[in-house]
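K.L.:
One structure coming up, written as structure tokens, with questions to follow.
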Amino acid sequence: MRSRNGNRSISLSICSIIFFSSLALNAGEYLISYRYVVKDAILYNESLSVAKAMKRCDGIPQAAIELETNSSSDLKKIITENSDEFIDYIHKLGMHVKHSDITMNAQYKSTTILTLKTTCFKVDFNDNFARIIPLK
Amino acid sequence: MKRVISSSIFVALITTIITGCSMFAKESSSKDLAEPIPVEREQLTEKETSAPKISNEENCGVQATGPSGEPLLTKECKLVITVLGQGVAPVNTVSPAQAYGLAKRAAIADGYRLIAEKVKGVRVEGNDLIKNMMVKQSTIRTCVDAVIKNANVTETTFKDGLCEVEMEIVVSHSQFAQ
């Protein structure tokens, strides 16, 4: 009896180790930045940069977002497929607004730059969803 | 006889010219008075809608107001700032959907700028160059620098290439307590 129970606990622990290690393998930390420029009320330039972090990030996890992966593990592709949802979410995190305008001899010119400064995100890839958690 | 006829014709001509001029003058003066009024009204209504609105959050008991009548931020009451951002679609777009997307993003940026202006403030710098008692160059520069978090888009309209986005942000006293 004892040996049977002992075997069970060992197998259970092995299974749990495999499960958690597989989860850990599918998780990653990414650095994301976003910036767009509006000149005279017209969108001029927009850029979203995604890169895998080369060292561990520190920070407190913030509100997460879940995006559909369609069995892909490429974060850039996932974000591009769900760009509207992700950009709306990014705006909520806090955007740096820099605006300047000039009126010279009654002629008006304006430039507005919205930036999400490079932020570390922890990403967990599941079967159908990627859970993206910002660390701040 | 000829002189009499010619003089009467001359008088008649002068009277017709004078009456014609007076009628024209009346018409032009009435037009001058009538035309500018609707333009001014339109401008007023436009200004009223695009200006940021500040109101207290619902279920707020005591509402403190400033000297201009605008509600003030207190410990008890949160402020709701509502702005109307405007953006224009670029000329060289591939599809109406792309035009809408780009105009909306520009409108959101404008909305963020308006919120930042209201919450953080604007730095204004003016420069006038006067030479020989004449204004040679007049320059006004303004700039805004802020971080905006948790602003919400409440309404979006897109008409004739212009996108208007209504945005609001709730400002609480604790955010400024530091």
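Starting from 1 in every chain, residues are counted up; chains themselves are A, B, ... following the order of the structure tokens, and ligands are numbered from 1 as listed.
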Output as an mmCIF file with N, CA and C atoms, in the first residue's frame the set of chain A residues within 10 Å of chain B, with distances taken over only C-alpha atoms.

P.N.:
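Wrote part.cif, looks like this:
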data_model
loop_
_atom_site.group_PDB
_atom_site.id
_atom_site.type_symbol
_atom_site.label_atom_id
_atom_site.label_comp_id
_atom_site.auth_asym_id
_atom_site.auth_seq_id
_atom_site.Cartn_x
_atom_site.Cartn_y
_atom_site.Cartn_z
ATOM 1 N N TYR A 36 3.203 57.518 -32.240
ATOM 2 C CA TYR A 36 2.669 58.066 -33.491
ATOM 3 C C TYR A 36 2.636 59.580 -33.474
ATOM 4 N N VAL A 37 2.776 60.117 -34.682
ATOM 5 C CA VAL A 37 2.887 61.571 -34.850
ATOM 6 C C VAL A 37 1.698 62.069 -35.662
ATOM 7 N N VAL A 38 1.076 63.117 -35.177
ATOM 8 C CA VAL A 38 -0.040 63.751 -35.899
ATOM 9 C C VAL A 38 0.378 65.173 -36.221
ATOM 10 N N LYS A 39 0.380 65.500 -37.519
ATOM 11 C CA LYS A 39 0.757 66.858 -37.937
ATOM 12 C C LYS A 39 -0.441 67.511 -38.604
ATOM 13 N N ASP A 40 -0.833 68.658 -38.129
ATOM 14 C CA ASP A 40 -1.982 69.404 -38.670
ATOM 15 C C ASP A 40 -3.217 68.508 -38.818
ATOM 16 N N ALA A 41 -3.529 67.789 -37.770
ATOM 17 C CA ALA A 41 -4.714 66.921 -37.665
ATOM 18 C C ALA A 41 -4.681 65.712 -38.607
ATOM 19 N N ILE A 42 -3.512 65.423 -39.203
ATOM 20 C CA ILE A 42 -3.394 64.252 -40.081
ATOM 21 C C ILE A 42 -2.319 63.324 -39.516
ATOM 22 N N LEU A 43 -2.662 62.027 -39.452
ATOM 23 C CA LEU A 43 -1.690 61.045 -38.947
ATOM 24 C C LEU A 43 -0.498 60.977 -39.892
ATOM 25 N N TYR A 44 0.693 61.136 -39.340
ATOM 26 C CA TYR A 44 1.891 61.293 -40.165
ATOM 27 C C TYR A 44 2.762 60.045 -40.117
ATOM 28 N N GLU A 46 3.417 56.215 -37.698
ATOM 29 C CA GLU A 46 3.027 55.349 -36.589
ATOM 30 C C GLU A 46 4.003 54.180 -36.521
ATOM 31 N N ASP A 84 -6.058 46.729 -33.383
ATOM 32 C CA ASP A 84 -7.004 47.726 -32.840
ATOM 33 C C ASP A 84 -7.210 47.535 -31.333
ATOM 34 N N ASP A 88 -5.820 50.084 -28.380
ATOM 35 C CA ASP A 88 -6.762 50.658 -27.401
ATOM 36 C C ASP A 88 -6.289 50.367 -25.970
ATOM 37 N N TYR A 89 -5.802 49.146 -25.783
ATOM 38 C CA TYR A 89 -5.313 48.732 -24.461
ATOM 39 C C TYR A 89 -4.076 49.531 -24.055
ATOM 40 N N ILE A 90 -3.178 49.733 -25.010
ATOM 41 C CA ILE A 90 -1.937 50.496 -24.772
ATOM 42 C C ILE A 90 -2.262 51.930 -24.334
ATOM 43 N N HIS A 91 -3.286 52.517 -24.959
ATOM 44 C CA HIS A 91 -3.679 53.884 -24.602
ATOM 45 C C HIS A 91 -4.085 53.982 -23.128
ATOM 46 N N LYS A 92 -4.721 52.911 -22.637
ATOM 47 C CA LYS A 92 -5.191 52.914 -21.240
ATOM 48 C C LYS A 92 -4.020 52.858 -20.253
ATOM 49 N N LEU A 93 -2.905 52.260 -20.690
ATOM 50 C CA LEU A 93 -1.745 52.099 -19.794
ATOM 51 C C LEU A 93 -1.106 53.437 -19.431
ATOM 52 N N GLY A 94 -1.245 54.398 -20.315
ATOM 53 C CA GLY A 94 -0.649 55.720 -20.064
ATOM 54 C C GLY A 94 0.217 56.145 -21.229
ATOM 55 N N MET A 95 -0.224 57.188 -21.910
ATOM 56 C CA MET A 95 0.521 57.675 -23.072
ATOM 57 C C MET A 95 1.167 59.008 -22.741
ATOM 58 N N HIS A 96 2.367 59.156 -23.228
ATOM 59 C CA HIS A 96 3.067 60.424 -23.060
ATOM 60 C C HIS A 96 2.653 61.346 -24.209
ATOM 61 N N VAL A 97 2.071 62.483 -23.864
ATOM 62 C CA VAL A 97 1.562 63.421 -24.886
ATOM 63 C C VAL A 97 2.532 64.589 -24.987
ATOM 64 N N LYS A 98 3.015 64.832 -26.186
ATOM 65 C CA LYS A 98 3.891 65.987 -26.411
ATOM 66 C C LYS A 98 3.322 66.756 -27.603
ATOM 67 N N HIS A 99 2.871 67.952 -27.323
ATOM 68 C CA HIS A 99 2.239 68.747 -28.390
ATOM 69 C C HIS A 99 2.924 70.097 -28.486
ATOM 70 N N SER A 100 3.109 70.556 -29.697
ATOM 71 C CA SER A 100 3.620 71.921 -29.881
ATOM 72 C C SER A 100 2.960 72.510 -31.116
ATOM 73 N N ASP A 101 2.587 73.755 -31.022
ATOM 74 C CA ASP A 101 2.061 74.424 -32.223
ATOM 75 C C ASP A 101 2.641 75.813 -32.347
ATOM 76 N N ILE A 102 2.616 76.296 -33.572
ATOM 77 C CA ILE A 102 3.178 77.614 -33.848
ATOM 78 C C ILE A 102 2.226 78.382 -34.766
ATOM 79 N N THR A 103 1.952 79.598 -34.380
ATOM 80 C CA THR A 103 1.135 80.483 -35.220
ATOM 81 C C THR A 103 2.051 81.622 -35.666
ATOM 82 N N MET A 104 2.450 81.588 -36.928
ATOM 83 C CA MET A 104 3.358 82.621 -37.442
ATOM 84 C C MET A 104 2.637 83.417 -38.513
ATOM 85 N N ASN A 105 2.482 84.693 -38.280
ATOM 86 C CA ASN A 105 1.756 85.581 -39.199
ATOM 87 C C ASN A 105 0.404 84.980 -39.598
ATOM 88 N N ALA A 106 -0.349 84.592 -38.598
ATOM 89 C CA ALA A 106 -1.706 84.046 -38.742
ATOM 90 C C ALA A 106 -1.763 82.705 -39.477
ATOM 91 N N GLN A 107 -0.612 82.013 -39.592
ATOM 92 C CA GLN A 107 -0.621 80.668 -40.177
ATOM 93 C C GLN A 107 -0.311 79.666 -39.076
ATOM 94 N N TYR A 108 -1.167 78.639 -38.962
ATOM 95 C CA TYR A 108 -1.090 77.714 -37.830
ATOM 96 C C TYR A 108 -0.511 76.361 -38.249
ATOM 97 N N LYS A 109 0.430 75.865 -37.462
ATOM 98 C CA LYS A 109 0.994 74.519 -37.696
ATOM 99 C C LYS A 109 1.073 73.807 -36.355
ATOM 100 N N SER A 110 0.707 72.540 -36.324
ATOM 101 C CA SER A 110 0.757 71.824 -35.042
ATOM 102 C C SER A 110 1.336 70.422 -35.202
ATOM 103 N N THR A 111 1.965 69.952 -34.157
ATOM 104 C CA THR A 111 2.514 68.588 -34.132
ATOM 105 C C THR A 111 2.206 67.966 -32.774
ATOM 106 N N THR A 112 1.599 66.795 -32.797
ATOM 107 C CA THR A 112 1.306 66.074 -31.562
ATOM 108 C C THR A 112 1.970 64.698 -31.639
ATOM 109 N N ILE A 113 2.718 64.353 -30.609
ATOM 110 C CA ILE A 113 3.377 63.038 -30.571
ATOM 111 C C ILE A 113 2.881 62.274 -29.347
ATOM 112 N N LEU A 114 2.325 61.103 -29.585
ATOM 113 C CA LEU A 114 1.885 60.232 -28.481
ATOM 114 C C LEU A 114 2.833 59.041 -28.396
ATOM 115 N N THR A 115 3.329 58.781 -27.230
ATOM 116 C CA THR A 115 4.343 57.725 -27.078
ATOM 117 C C THR A 115 4.030 56.817 -25.894
ATOM 118 N N LEU A 116 4.179 55.519 -26.127
ATOM 119 C CA LEU A 116 4.248 54.584 -24.994
ATOM 120 C C LEU A 116 5.716 54.251 -24.858
#

K.L.:
From a backbone DSSP assignment, name each residue in chain A labelled strand (DSSP E or B), as a count of residues only.

P.N.:
65

K.L.:
Just give me the gap between atom CA of Thr154 of chain B and atom CA of Glu168 of chain B in Å, one decimal is fine.

P.N.:
7.0 Å

K.L.:
Considering only C-alpha atoms, return as a PyMOL selection string whatever protein or nucleic-acid residues lie within 10 Å of Ile79 of chain A, sequence-local ones (same chain, fewer than 6 positions apart) excluded.

P.N.:
chain A and resi 48+50+67-69+85-87+130

K.L.:
Calculate how many Å separate atom CA of Thr118 of chain A from atom CA of Glu81 of chain A, rounding to one decimal.

P.N.:
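Separating atom CA of Thr118 of chain A from atom CA of Glu81 of chain A is a distance of 20.9 Å.
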
K.L.:
One decimal, in Å: what's the spacing between atom CA of Leu135 of chain A and atom CA of Gly59 of chain A?

P.N.:
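Interatomic distance, atom CA of Leu135 of chain A to atom CA of Gly59 of chain A: 4.7 Å.
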
K.L.:
Assign secondary structure with DSSP using the backbone only, and return the residues of chain A in alpha helix (DSSP H) as number ranges by chain.

P.N.:
A: 2-26, 75-81, 83-93

K.L.:
Take the residues just selected and output them with C-alpha atoms as a PDB file, in the first residue's frame.

P.N.:
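Done, and the output landed in again.pdb:
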ATOM      1  CA  ARG A   2       2.704   2.394   1.008  1.00  0.00           C
ATOM      2  CA  SER A   3       4.714   1.863  -2.127  1.00  0.00           C
ATOM      3  CA  ARG A   4       1.616   2.383  -4.279  1.00  0.00           C
ATOM      4  CA  ASN A   5       0.771   5.700  -2.580  1.00  0.00           C
ATOM      5  CA  GLY A   6       4.390   6.771  -2.802  1.00  0.00           C
ATOM      6  CA  ASN A   7       4.479   6.009  -6.537  1.00  0.00           C
ATOM      7  CA  ARG A   8       1.343   8.034  -7.038  1.00  0.00           C
ATOM      8  CA  SER A   9       2.774  11.106  -5.313  1.00  0.00           C
ATOM      9  CA  ILE A  10       6.023  10.808  -7.290  1.00  0.00           C
ATOM     10  CA  SER A  11       4.175  10.534 -10.593  1.00  0.00           C
ATOM     11  CA  LEU A  12       1.949  13.458  -9.619  1.00  0.00           C
ATOM     12  CA  SER A  13       4.938  15.643  -8.798  1.00  0.00           C
ATOM     13  CA  ILE A  14       6.681  14.653 -12.050  1.00  0.00           C
ATOM     14  CA  CYS A  15       3.531  15.532 -14.003  1.00  0.00           C
ATOM     15  CA  SER A  16       3.225  18.870 -12.248  1.00  0.00           C
ATOM     16  CA  ILE A  17       6.907  19.637 -12.922  1.00  0.00           C
ATOM     17  CA  ILE A  18       6.433  18.839 -16.610  1.00  0.00           C
ATOM     18  CA  PHE A  19       3.271  20.931 -16.729  1.00  0.00           C
ATOM     19  CA  PHE A  20       4.796  23.994 -15.060  1.00  0.00           C
ATOM     20  CA  SER A  21       8.035  23.725 -17.029  1.00  0.00           C
ATOM     21  CA  SER A  22       5.998  23.609 -20.257  1.00  0.00           C
ATOM     22  CA  LEU A  23       4.134  26.727 -19.089  1.00  0.00           C
ATOM     23  CA  ALA A  24       7.430  28.408 -18.315  1.00  0.00           C
ATOM     24  CA  LEU A  25       8.784  27.482 -21.746  1.00  0.00           C
ATOM     25  CA  ASN A  26       5.749  29.108 -23.368  1.00  0.00           C
ATOM     26  CA  LEU A  75       3.965  37.985 -30.605  1.00  0.00           C
ATOM     27  CA  LYS A  76       4.456  40.538 -33.374  1.00  0.00           C
ATOM     28  CA  LYS A  77       2.108  38.568 -35.627  1.00  0.00           C
ATOM     29  CA  ILE A  78      -0.478  38.205 -32.850  1.00  0.00           C
ATOM     30  CA  ILE A  79      -0.388  41.928 -32.121  1.00  0.00           C
ATOM     31  CA  THR A  80      -0.669  42.820 -35.819  1.00  0.00           C
ATOM     32  CA  GLU A  81      -3.712  40.566 -36.153  1.00  0.00           C
ATOM     33  CA  SER A  83      -3.863  45.673 -33.569  1.00  0.00           C
ATOM     34  CA  ASP A  84      -7.004  47.726 -32.840  1.00  0.00           C
ATOM     35  CA  GLU A  85      -7.673  45.910 -29.565  1.00  0.00           C
ATOM     36  CA  PHE A  86      -4.030  46.067 -28.495  1.00  0.00           C
ATOM     37  CA  ILE A  87      -3.596  49.773 -29.339  1.00  0.00           C
ATOM     38  CA  ASP A  88      -6.762  50.658 -27.401  1.00  0.00           C
ATOM     39  CA  TYR A  89      -5.313  48.732 -24.461  1.00  0.00           C
ATOM     40  CA  ILE A  90      -1.937  50.496 -24.772  1.00  0.00           C
ATOM     41  CA  HIS A  91      -3.679  53.884 -24.602  1.00  0.00           C
ATOM     42  CA  LYS A  92      -5.191  52.914 -21.240  1.00  0.00           C
ATOM     43  CA  LEU A  93      -1.745  52.099 -19.794  1.00  0.00           C
TER      44      LEU A  93
END

K.L.:
What lies within 12 Å of Val80 of chain B using only C-alpha atoms, ignoring chain neighbours under 6 positions off, as a PyMOL selection string?

P.N.:
chain B and resi 52-58+60+70-73+115+118-119+151-152+167-173
